[in-house]
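Enquirer: The structure file upload_8.cif (mmCIF, C-alpha atoms) is provided below.
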data_run
loop_
_atom_site.label_atom_id
_atom_site.label_comp_id
_atom_site.auth_asym_id
_atom_site.auth_seq_id
_atom_site.Cartn_x
_atom_site.Cartn_y
_atom_site.Cartn_z
CA MET A 156 -60.43 -34.55 120.06
CA THR A 157 -63.45 -35.95 121.84
CA THR A 158 -63.64 -39.09 123.91
CA GLU A 159 -66.81 -40.89 124.79
CA ALA A 160 -67.83 -43.41 127.40
CA ASN A 161 -67.26 -47.09 126.74
CA ASN A 162 -70.93 -47.95 126.38
CA ASN A 163 -70.96 -47.10 122.70
CA ASP A 164 -67.43 -48.39 122.12
CA VAL A 165 -66.09 -45.14 120.64
CA LEU A 166 -62.63 -44.55 122.04
CA VAL A 167 -61.73 -41.50 120.00
CA SER A 168 -63.40 -39.42 117.36
CA TYR A 169 -61.65 -36.53 115.62
CA TYR A 170 -62.41 -34.26 112.72
CA GLY A 171 -59.98 -31.64 111.50
CA PRO A 172 -56.53 -31.17 109.99
CA PHE A 173 -54.34 -34.26 110.15
CA SER A 174 -51.22 -32.82 111.70
CA MET A 175 -48.79 -35.37 113.11
CA ARG A 176 -48.78 -33.38 116.36
CA VAL A 177 -52.46 -34.14 116.78
CA ILE A 178 -52.39 -37.71 115.52
CA SER A 179 -49.36 -38.72 117.58
CA ASN A 180 -51.12 -37.44 120.71
CA ILE A 181 -54.20 -39.50 119.90
CA GLY A 182 -51.94 -42.50 119.36
CA LYS A 183 -50.11 -42.02 122.65
CA TYR A 184 -53.42 -41.58 124.46
CA LEU A 185 -54.59 -44.95 123.09
CA LEU A 186 -51.34 -46.70 123.99
CA GLU A 187 -51.58 -45.42 127.55
CA SER A 188 -55.28 -45.88 128.15
CA GLU A 189 -56.02 -49.24 126.56
CA ASN A 190 -55.63 -52.57 128.35
CA ALA A 191 -55.21 -54.90 125.38
CA ILE A 192 -52.01 -56.88 124.81
CA GLU A 193 -49.01 -54.85 123.63
CA LEU A 194 -49.06 -56.25 120.11
CA ALA A 195 -52.71 -55.27 119.57
CA LYS A 196 -52.07 -51.76 120.89
CA MET A 197 -48.98 -51.34 118.71
CA ARG A 198 -50.93 -52.50 115.67
CA LEU A 199 -53.69 -50.03 116.44
CA TYR A 200 -51.10 -47.26 116.84
CA ARG A 201 -49.37 -48.10 113.57
CA VAL A 202 -52.62 -48.40 111.64
CA LEU A 203 -53.78 -45.06 113.05
CA ILE A 204 -50.57 -43.36 111.93
CA GLU A 205 -50.60 -44.85 108.43
CA LEU A 206 -54.29 -44.15 107.85
CA SER A 207 -53.84 -40.63 109.15
CA GLN A 208 -50.88 -39.95 106.91
CA ASN A 209 -53.00 -40.95 103.93
CA VAL A 210 -55.56 -38.33 104.98
CA ALA A 211 -52.82 -35.76 105.58
CA LEU A 212 -51.28 -36.34 102.16
CA TYR A 213 -54.26 -37.10 99.93
CA SER A 214 -57.40 -35.50 101.32
CA TYR A 215 -58.81 -33.10 98.75
CA ASN A 216 -60.04 -30.91 101.57
CA ARG A 217 -56.90 -29.03 102.67
CA LEU A 218 -55.95 -26.47 105.26
CA GLN A 219 -53.15 -23.98 104.72
CA ILE A 220 -50.79 -23.85 107.70
CA PRO A 221 -48.86 -20.55 108.08
CA ASN A 222 -45.31 -20.87 106.69
CA GLN A 223 -45.87 -24.53 105.94
CA SER A 224 -47.44 -26.72 103.31
CA THR A 225 -51.08 -27.72 103.45
CA LEU A 226 -52.59 -30.41 105.65
CA GLY A 227 -55.35 -32.79 104.65
CA VAL A 228 -58.61 -32.50 106.55
CA GLY A 229 -60.74 -35.50 107.42
CA SER A 230 -62.00 -37.60 110.28
CA VAL A 231 -60.87 -40.61 112.26
CA LYS A 232 -62.90 -42.77 114.58
CA ILE A 233 -61.58 -45.58 116.75
CA THR A 234 -63.96 -48.09 118.25
CA SER A 235 -63.45 -51.11 120.44
CA ASN A 236 -65.23 -54.24 121.57
CA ASN A 237 -64.08 -57.42 123.33
CA ASP A 238 -62.50 -58.88 120.22
CA HIS A 239 -61.09 -56.07 118.17
CA TYR A 240 -60.38 -52.42 117.51
CA LYS A 241 -61.60 -50.65 114.41
CA CYS A 242 -59.87 -47.61 113.00
CA GLN A 243 -61.81 -45.69 110.38
CA THR A 244 -60.89 -42.60 108.41
CA LEU A 245 -62.98 -40.55 106.04
CA ASN A 246 -61.76 -37.86 103.69
CA LYS A 247 -62.77 -36.03 100.57
CA ILE A 248 -61.15 -37.25 97.37
CA LEU A 249 -60.87 -36.12 93.80
CA PRO A 250 -63.42 -37.88 91.57
CA GLU A 251 -60.59 -39.32 89.45
CA HIS A 252 -59.11 -41.06 92.50
CA LYS A 253 -62.26 -43.05 93.17
CA ASP A 254 -61.65 -45.96 90.81
CA ILE A 255 -57.97 -46.36 91.62
CA LEU A 256 -58.62 -46.44 95.36
CA ILE A 257 -61.30 -49.09 94.94
CA LYS A 258 -59.04 -51.10 92.64
CA ASN A 259 -56.05 -50.91 95.01
CA CYS A 260 -58.07 -51.94 98.06
CA ALA A 261 -59.75 -54.80 96.19
CA GLU A 262 -56.37 -56.05 94.94
CA ILE A 263 -54.98 -55.97 98.46
CA ASN A 264 -57.94 -57.92 99.82
CA ASN A 265 -57.46 -60.53 97.09
CA SER A 266 -53.75 -61.02 97.83
CA ASN A 267 -52.12 -63.36 100.30
CA GLU A 268 -49.31 -62.35 102.68
CA PHE A 269 -46.54 -63.43 100.30
CA GLU A 270 -48.06 -61.46 97.42
CA LEU A 271 -48.52 -58.38 99.61
CA LYS A 272 -44.90 -58.44 100.77
CA LYS A 273 -43.71 -58.78 97.19
CA LYS A 274 -45.92 -55.90 96.07
CA LYS A 275 -44.72 -53.82 99.00
CA MET A 276 -41.09 -54.38 98.02
CA ILE A 277 -41.71 -53.46 94.37
CA LEU A 278 -43.72 -50.30 95.15
CA ARG A 279 -41.25 -49.09 97.79
CA ASN A 280 -38.39 -49.43 95.32
CA GLU A 281 -40.32 -47.59 92.63
CA SER A 282 -41.12 -44.68 94.94
CA SER A 283 -38.95 -41.58 94.74
CA LEU A 284 -37.12 -40.58 97.94
CA ARG A 285 -38.44 -37.04 97.55
CA ASP A 286 -42.00 -38.32 97.56
CA ASN A 287 -43.36 -38.15 101.13
CA SER A 288 -45.30 -41.32 100.52
CA ALA A 289 -43.97 -44.79 99.80
CA HIS A 290 -47.36 -45.85 98.35
CA ILE A 291 -47.37 -48.96 100.53
CA GLY A 292 -49.50 -47.69 103.42
CA LEU A 293 -52.62 -49.69 102.53
CA ILE A 294 -50.58 -52.87 102.01
CA THR A 295 -48.77 -52.39 105.30
CA MET A 296 -52.03 -51.84 107.16
CA SER A 297 -53.46 -54.99 105.63
CA LEU A 298 -50.38 -56.92 106.78
CA TYR A 299 -50.64 -55.51 110.33
CA SER A 300 -54.36 -56.18 110.48
CA GLY A 301 -54.59 -59.60 108.87
CA ASN A 302 -58.22 -58.72 108.09
CA PRO A 303 -59.75 -57.46 104.84
CA LEU A 304 -59.81 -53.70 104.38
CA GLU A 305 -63.38 -52.36 104.52
CA PHE A 306 -63.64 -49.48 102.11
CA ASN A 307 -66.26 -47.40 100.43
CA VAL A 308 -66.58 -44.34 98.24
CA LEU A 309 -69.50 -42.13 99.19
CA ASN A 310 -71.01 -39.66 96.79
CA ASP A 311 -72.61 -36.44 97.93
CA ASN A 312 -74.82 -35.61 94.98
CA GLU A 313 -75.66 -32.16 96.27
CA SER A 314 -72.06 -30.95 96.41
CA GLN A 315 -70.80 -33.32 93.71
CA SER A 316 -68.15 -34.49 96.17
CA HIS A 317 -66.65 -37.92 96.74
CA TYR A 318 -65.48 -39.26 100.10
CA PHE A 319 -63.24 -42.23 100.73
CA SER A 320 -63.91 -44.27 103.84
CA ILE A 321 -61.60 -47.03 105.03
CA ASN A 322 -61.97 -49.20 108.09
CA VAL A 323 -59.19 -51.43 109.42
CA THR A 324 -59.87 -54.12 112.01
CA ILE A 325 -57.19 -55.05 114.55
CA ASN A 326 -57.75 -58.25 116.50
CA LYS A 327 -57.15 -58.02 120.22
CA LYS A 328 -56.10 -61.67 120.58
CA MET B 23 -15.41 -35.47 110.17
CA LYS B 24 -17.96 -34.36 112.78
CA ASN B 25 -20.44 -36.48 114.66
CA LEU B 26 -24.02 -36.33 113.52
CA ASN B 27 -26.39 -35.71 116.40
CA ILE B 28 -30.04 -34.99 115.76
CA ASN B 29 -32.34 -34.42 118.68
CA ILE B 30 -33.83 -31.11 117.77
CA TYR B 31 -37.41 -32.11 118.39
CA PRO B 32 -37.39 -33.81 121.82
CA ASP B 33 -41.07 -32.99 122.41
CA LEU B 34 -42.19 -34.52 119.13
CA VAL B 35 -42.29 -38.31 119.22
CA PHE B 36 -42.36 -38.68 115.48
CA TYR B 37 -38.71 -37.62 115.08
CA PRO B 38 -36.12 -40.22 116.07
CA VAL B 39 -32.94 -39.42 117.95
CA VAL B 40 -29.83 -39.85 115.83
CA ASN B 41 -26.29 -40.22 117.18
CA PHE B 42 -23.74 -41.09 114.54
CA ASP B 43 -20.39 -41.03 116.34
CA TYR B 44 -17.34 -40.69 114.15
CA LYS B 45 -14.85 -41.55 116.90
CA THR B 46 -16.48 -44.66 118.36
CA ARG B 47 -17.76 -45.72 114.90
CA ILE B 48 -21.10 -46.47 116.50
CA CYS B 49 -24.16 -45.01 114.83
CA GLU B 50 -27.49 -45.18 116.56
CA ILE B 51 -31.02 -44.25 115.61
CA SER B 52 -33.75 -44.64 118.21
CA GLY B 53 -37.35 -43.74 118.98
CA GLU B 54 -40.05 -43.39 116.35
CA SER B 55 -39.99 -42.09 112.82
CA PHE B 56 -43.12 -40.78 111.14
CA MET B 57 -42.46 -37.14 110.43
CA GLU B 58 -44.27 -35.32 107.63
CA ASP B 59 -41.14 -34.52 105.59
CA THR B 60 -39.01 -37.65 105.64
CA TYR B 61 -36.66 -36.53 102.87
CA LYS B 62 -35.66 -33.37 104.74
CA PHE B 63 -34.96 -35.38 107.90
CA TYR B 64 -33.06 -38.30 106.36
CA GLU B 65 -31.06 -36.46 103.70
CA PRO B 66 -28.27 -35.35 106.11
CA ILE B 67 -28.11 -38.87 107.56
CA ILE B 68 -27.59 -40.42 104.14
CA GLU B 69 -25.04 -37.73 103.28
CA TRP B 70 -23.11 -38.32 106.52
CA LEU B 71 -23.05 -42.06 105.89
CA ASN B 72 -21.84 -41.63 102.32
CA GLU B 73 -18.99 -39.40 103.53
CA TYR B 74 -18.09 -41.77 106.36
CA ILE B 75 -17.78 -44.86 104.20
CA LYS B 76 -15.28 -43.11 101.95
CA GLU B 77 -12.79 -43.60 104.79
CA LYS B 78 -13.26 -47.37 104.73
CA LYS B 79 -13.54 -47.59 108.49
CA THR B 80 -15.51 -49.99 110.62
CA ILE B 81 -19.12 -49.05 111.30
CA VAL B 82 -21.69 -50.39 113.74
CA LEU B 83 -25.29 -49.35 113.18
CA ASN B 84 -27.66 -49.81 116.09
CA ILE B 85 -31.31 -49.41 115.16
CA LYS B 86 -33.64 -48.97 118.12
CA LEU B 87 -36.76 -47.79 116.35
CA THR B 88 -40.00 -48.88 117.97
CA TYR B 89 -41.99 -47.63 114.99
CA PHE B 90 -41.29 -46.21 111.56
CA ASN B 91 -43.83 -45.34 108.92
CA THR B 92 -43.75 -46.57 105.36
CA SER B 93 -42.15 -43.38 104.10
CA SER B 94 -39.30 -43.67 106.62
CA SER B 95 -38.82 -47.29 105.56
CA LYS B 96 -37.57 -46.07 102.18
CA PHE B 97 -34.65 -44.34 103.87
CA ILE B 98 -33.90 -47.25 106.19
CA LEU B 99 -33.69 -49.34 103.05
CA VAL B 100 -31.23 -46.87 101.49
CA ILE B 101 -29.05 -47.01 104.62
CA LEU B 102 -29.07 -50.80 104.69
CA ASN B 103 -28.36 -51.09 100.97
CA THR B 104 -25.44 -48.70 101.39
CA LEU B 105 -24.01 -50.85 104.18
CA LYS B 106 -24.55 -54.03 102.20
CA LYS B 107 -22.54 -52.59 99.32
CA TYR B 108 -19.90 -51.38 101.79
CA LYS B 109 -19.59 -54.90 103.19
CA ASN B 110 -19.45 -56.40 99.73
CA ASP B 111 -16.44 -54.16 99.06
CA SER B 112 -14.62 -55.94 101.94
CA ASN B 113 -15.33 -53.32 104.60
CA ASN B 114 -16.50 -53.98 108.12
CA ALA B 115 -20.13 -53.13 108.85
CA THR B 116 -22.39 -54.53 111.55
CA VAL B 117 -26.11 -53.86 111.90
CA ASN B 118 -27.86 -54.56 115.20
CA TRP B 119 -31.61 -54.10 115.33
CA PHE B 120 -33.15 -53.99 118.79
CA TYR B 121 -36.82 -54.83 119.23
CA ASN B 122 -39.33 -55.78 121.91
CA LYS B 123 -39.97 -59.49 122.29
CA GLU B 124 -43.76 -59.08 121.86
CA ASP B 125 -43.36 -57.02 118.70
CA ILE B 126 -43.55 -59.74 116.05
CA ASP B 127 -44.47 -57.16 113.41
CA MET B 128 -41.16 -55.38 113.94
CA LEU B 129 -39.34 -58.70 113.70
CA LYS B 130 -41.11 -59.38 110.40
CA GLU B 131 -40.05 -55.95 109.12
CA ILE B 132 -36.43 -56.65 110.07
CA VAL B 133 -36.51 -60.01 108.29
CA GLU B 134 -38.04 -58.33 105.22
CA PHE B 135 -35.21 -55.79 105.17
CA GLN B 136 -32.67 -58.56 105.56
CA ASP B 137 -34.18 -60.59 102.73
CA GLU B 138 -34.46 -57.58 100.46
CA THR B 139 -30.96 -56.21 101.00
CA GLY B 140 -29.09 -59.46 101.59
CA LEU B 141 -27.46 -57.77 104.57
CA GLU B 142 -27.15 -59.78 107.76
CA ILE B 143 -28.98 -58.00 110.59
CA ASN B 144 -28.44 -59.04 114.19
CA LYS B 145 -31.87 -59.19 115.79
CA ILE B 146 -31.55 -58.35 119.45
CA ILE B 147 -34.43 -58.59 121.93
CA LEU B 148 -34.58 -55.64 124.28
#
Just give me the structure of the file as structure tokens.

Expert:
Amino acid sequence: MTTEANNNDVLVSYYGPFSMRVISNIGKYLLESENAIELAKMRLYRVLIELSQNVALYSYNRLQIPNQSTLGVGSVKITSNNDHYKCQTLNKILPEHKDILIKNCAEINNSNEFELKKKKMILRNESSLRDNSAHIGLITMSLYSGNPLEFNVLNDNESQSHYFSINVTINKK
Amino acid sequence: MKNLNINIYPDLVFYPVVNFDYKTRICEISGESFMEDTYKFYEPIIEWLNEYIKEKKTIVLNIKLTYFNTSSSKFILVILNTLKKYKNDSNNATVNWFYNKEDIDMLKEIVEFQDETGLEINKIIL
């Protein structure tokens, strides 16, 4: 984990395996060090955890942990200004996941709160208990944020790799 | 039937503390819940609850979670649905959910669970 001075608004920047031990420490650091209202800090914390769990579960770049399953590798950056926090993750994805991610994010951005809650309920009920994901992380982040999800798929032509970037804005007021 | 006490990871904030007390009939889950393997953590809790309700005794569930991830929410839903069915079968079940006054997102989550399950949840400000 690296922290930088406030003048460029980067609170935290991390690249590596998305273990919950690491991410929860980043989250606690933000809760303790930031001066925003409690609700804004909690939203930032929750968005950080959900975004990070998506990287941990779905990043195509994976690290084998001894005696455990694999962990997704990616990056997270948290920035701040007077009005809002931004939490951004970036991770490698399989080419076949590109279109579905774009479609899901676009659908979320085009839905109102009622529609998102309904979709959340349906997807959660469809999800198997043995599945470590409920497939409602993006919807939940959108509900916490109240702002459109900013997303992008980046192509690295040299390595033929695709990267998914998502940026969630949390208002401070 | 034994009590169910889970506090095996006190240094890891992403595991909640669980105290399901057979004698007092008070079951409590507190802290945060965003572990990597939710099924492994919640399976014994669901099993304990399913055994307990066979005895048709009163149960009080106190939820004091300050955060749970979307994966954990699936298991909270299972617990609440189980208690709703238990109540519908003329048994006594009370659910109290404690939350911080400023945390309107948690209140929204509680209301969503209530609407989805049809189970009355007492919303108590900490």

Enquirer: Show me, as an MDAnalysis selection string, the residues that have an atom within 8 Å of Leu298 of chain A when counting all atoms listed in the file, minus same-chain residues fewer than 3 positions from it.

Expert: chainID A and resid 268 271 294:295 301

Enquirer: Would you tabulate, counting all atoms listed in the file, all residues of segment 248-311 of chain A that have an atom at most 9 Å from an atom of segment 70-94 of chain B, showing the closest pair of atoms and their distance in Å to one decimal, sorted by chain then ascending number, as CSV?

Expert:
residue,atom,partner,partner_atom,distance
A:Arg279,CA,B:Thr92,CA,8.4
A:Leu284,CA,B:Ser93,CA,8.4
A:Asp286,CA,B:Ser93,CA,8.3
A:Asn287,CA,B:Ser93,CA,6.1
A:Ser288,CA,B:Ser93,CA,5.2
A:Ala289,CA,B:Ser93,CA,4.9
A:His290,CA,B:Thr92,CA,7.9
A:Ile291,CA,B:Thr92,CA,6.5
A:Gly292,CA,B:Thr92,CA,6.2
A:Thr295,CA,B:Thr92,CA,7.7

Enquirer: Once the PyMOL selection byres ((chain B) within 8 of (chain A)) has been evaluated on this model, what residues remain selected, and can you format them as a PyMOL selection string?

Expert: chain B and resi 34-36+56-61+89+91-93+96-97+124-127+138

Enquirer: Which distance in Å separates atom CA of Asn209 of chain A and atom CA of Ser300 of chain A, to one decimal?

Expert: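 Separation of atom CA of Asn209 of chain A and atom CA of Ser300 of chain A: 16.6 Å.
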
Enquirer: On this structure, which residues satisfy the PyMOL selection byres ((chain A and resi 307) around 12), written as a ChimeraX atom specification?

Expert: /A:243-248,253-254,256-258,260-261,304-306,308-310,317-322

Enquirer: The residues within 8 Å of (-29.2, -39.5, 111.9), using all atoms listed in the file and the coordinates of the file, should be reported as a list in words; which are they?

Expert: Leu26, Asn27, Ile28, Val39, Val40, Asn41, Phe42, Glu50, Ile51, Tyr64, Pro66, Ile67 and Ile68 of chain B

Enquirer: Can you tell me how far atom CA of Tyr240 of chain A sits from atom CA of Asp164 of chain A, in Å to one decimal?

Expert: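 One can read the atom CA of Tyr240 of chain A to atom CA of Asp164 of chain A distance as 9.3 Å.
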
Enquirer: How far is it from atom CA of Glu65 of chain B to atom CA of Val177 of chain A, in Å with one decimal?

Expert: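 So the answer is 25.2 Å.
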
Enquirer: Quick one: of B:Asn25, B:Tyr31, B:Glu142, B:Glu134, who's nearest to Asp43 of chain B, counting all atoms listed in the file?

Expert: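 Between B:Asn25, B:Tyr31, B:Glu142, B:Glu134, the residue approaching Asp43 of chain B most closely is B:Asn25.
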
Enquirer: With distances taken over only C-alpha atoms, which residue among A:Val167, A:Thr234, A:Tyr213, A:Ile277 lies nearest His252 of chain A?

Expert: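 Ranking A:Val167, A:Thr234, A:Tyr213, A:Ile277 by distance to His252 of chain A, first place goes to A:Tyr213.
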
Enquirer: Neighbouring residues of Ala191 of chain A were defined as those with any atom within 12 Å, considering all atoms listed in the file; residues of the same chain fewer than 6 positions away were excluded. Please report them as a count of residues only.

Expert: 14

Enquirer: For segment 304-319 of chain A, where the input has fewer atoms than it should, I would like N, CA and C atoms rebuilt and written as a short mmCIF file (atom, residue, chain, number, x, y, z; two decimals), keeping the file's coordinate frame.

Expert:
data_model
loop_
_atom_site.label_atom_id
_atom_site.label_comp_id
_atom_site.auth_asym_id
_atom_site.auth_seq_id
_atom_site.Cartn_x
_atom_site.Cartn_y
_atom_site.Cartn_z
N LEU A 304 -59.53 -55.13 104.25
CA LEU A 304 -59.81 -53.70 104.38
C LEU A 304 -61.28 -53.49 104.03
N GLU A 305 -61.98 -52.71 104.85
CA GLU A 305 -63.38 -52.36 104.52
C GLU A 305 -63.35 -50.95 103.96
N PHE A 306 -63.78 -50.80 102.74
CA PHE A 306 -63.64 -49.48 102.11
C PHE A 306 -64.90 -49.13 101.34
N ASN A 307 -65.06 -47.86 101.13
CA ASN A 307 -66.26 -47.40 100.43
C ASN A 307 -66.01 -46.00 99.87
N VAL A 308 -66.60 -45.71 98.75
CA VAL A 308 -66.58 -44.34 98.24
C VAL A 308 -68.00 -43.81 98.30
N LEU A 309 -68.17 -42.72 99.01
CA LEU A 309 -69.50 -42.13 99.19
C LEU A 309 -69.63 -40.91 98.30
N ASN A 310 -70.78 -40.81 97.67
CA ASN A 310 -71.01 -39.66 96.79
C ASN A 310 -72.02 -38.71 97.43
N ASP A 311 -71.67 -37.45 97.47
CA ASP A 311 -72.61 -36.44 97.93
C ASP A 311 -73.13 -35.73 96.69
N ASN A 312 -74.30 -36.13 96.25
CA ASN A 312 -74.82 -35.61 94.98
C ASN A 312 -75.03 -34.10 95.00
N GLU A 313 -75.39 -33.59 96.16
CA GLU A 313 -75.66 -32.16 96.27
C GLU A 313 -74.41 -31.32 95.98
N SER A 314 -73.29 -31.73 96.60
CA SER A 314 -72.06 -30.95 96.41
C SER A 314 -71.15 -31.54 95.33
N GLN A 315 -71.60 -32.63 94.73
CA GLN A 315 -70.80 -33.32 93.71
C GLN A 315 -69.44 -33.75 94.26
N SER A 316 -69.42 -34.09 95.54
CA SER A 316 -68.15 -34.49 96.17
C SER A 316 -68.10 -35.99 96.40
N HIS A 317 -66.87 -36.51 96.45
CA HIS A 317 -66.65 -37.92 96.74
C HIS A 317 -65.84 -38.03 98.03
N TYR A 318 -66.19 -39.02 98.84
CA TYR A 318 -65.48 -39.26 100.10
C TYR A 318 -65.02 -40.70 100.16
N PHE A 319 -63.79 -40.88 100.61
CA PHE A 319 -63.24 -42.23 100.73
C PHE A 319 -63.25 -42.61 102.20
#
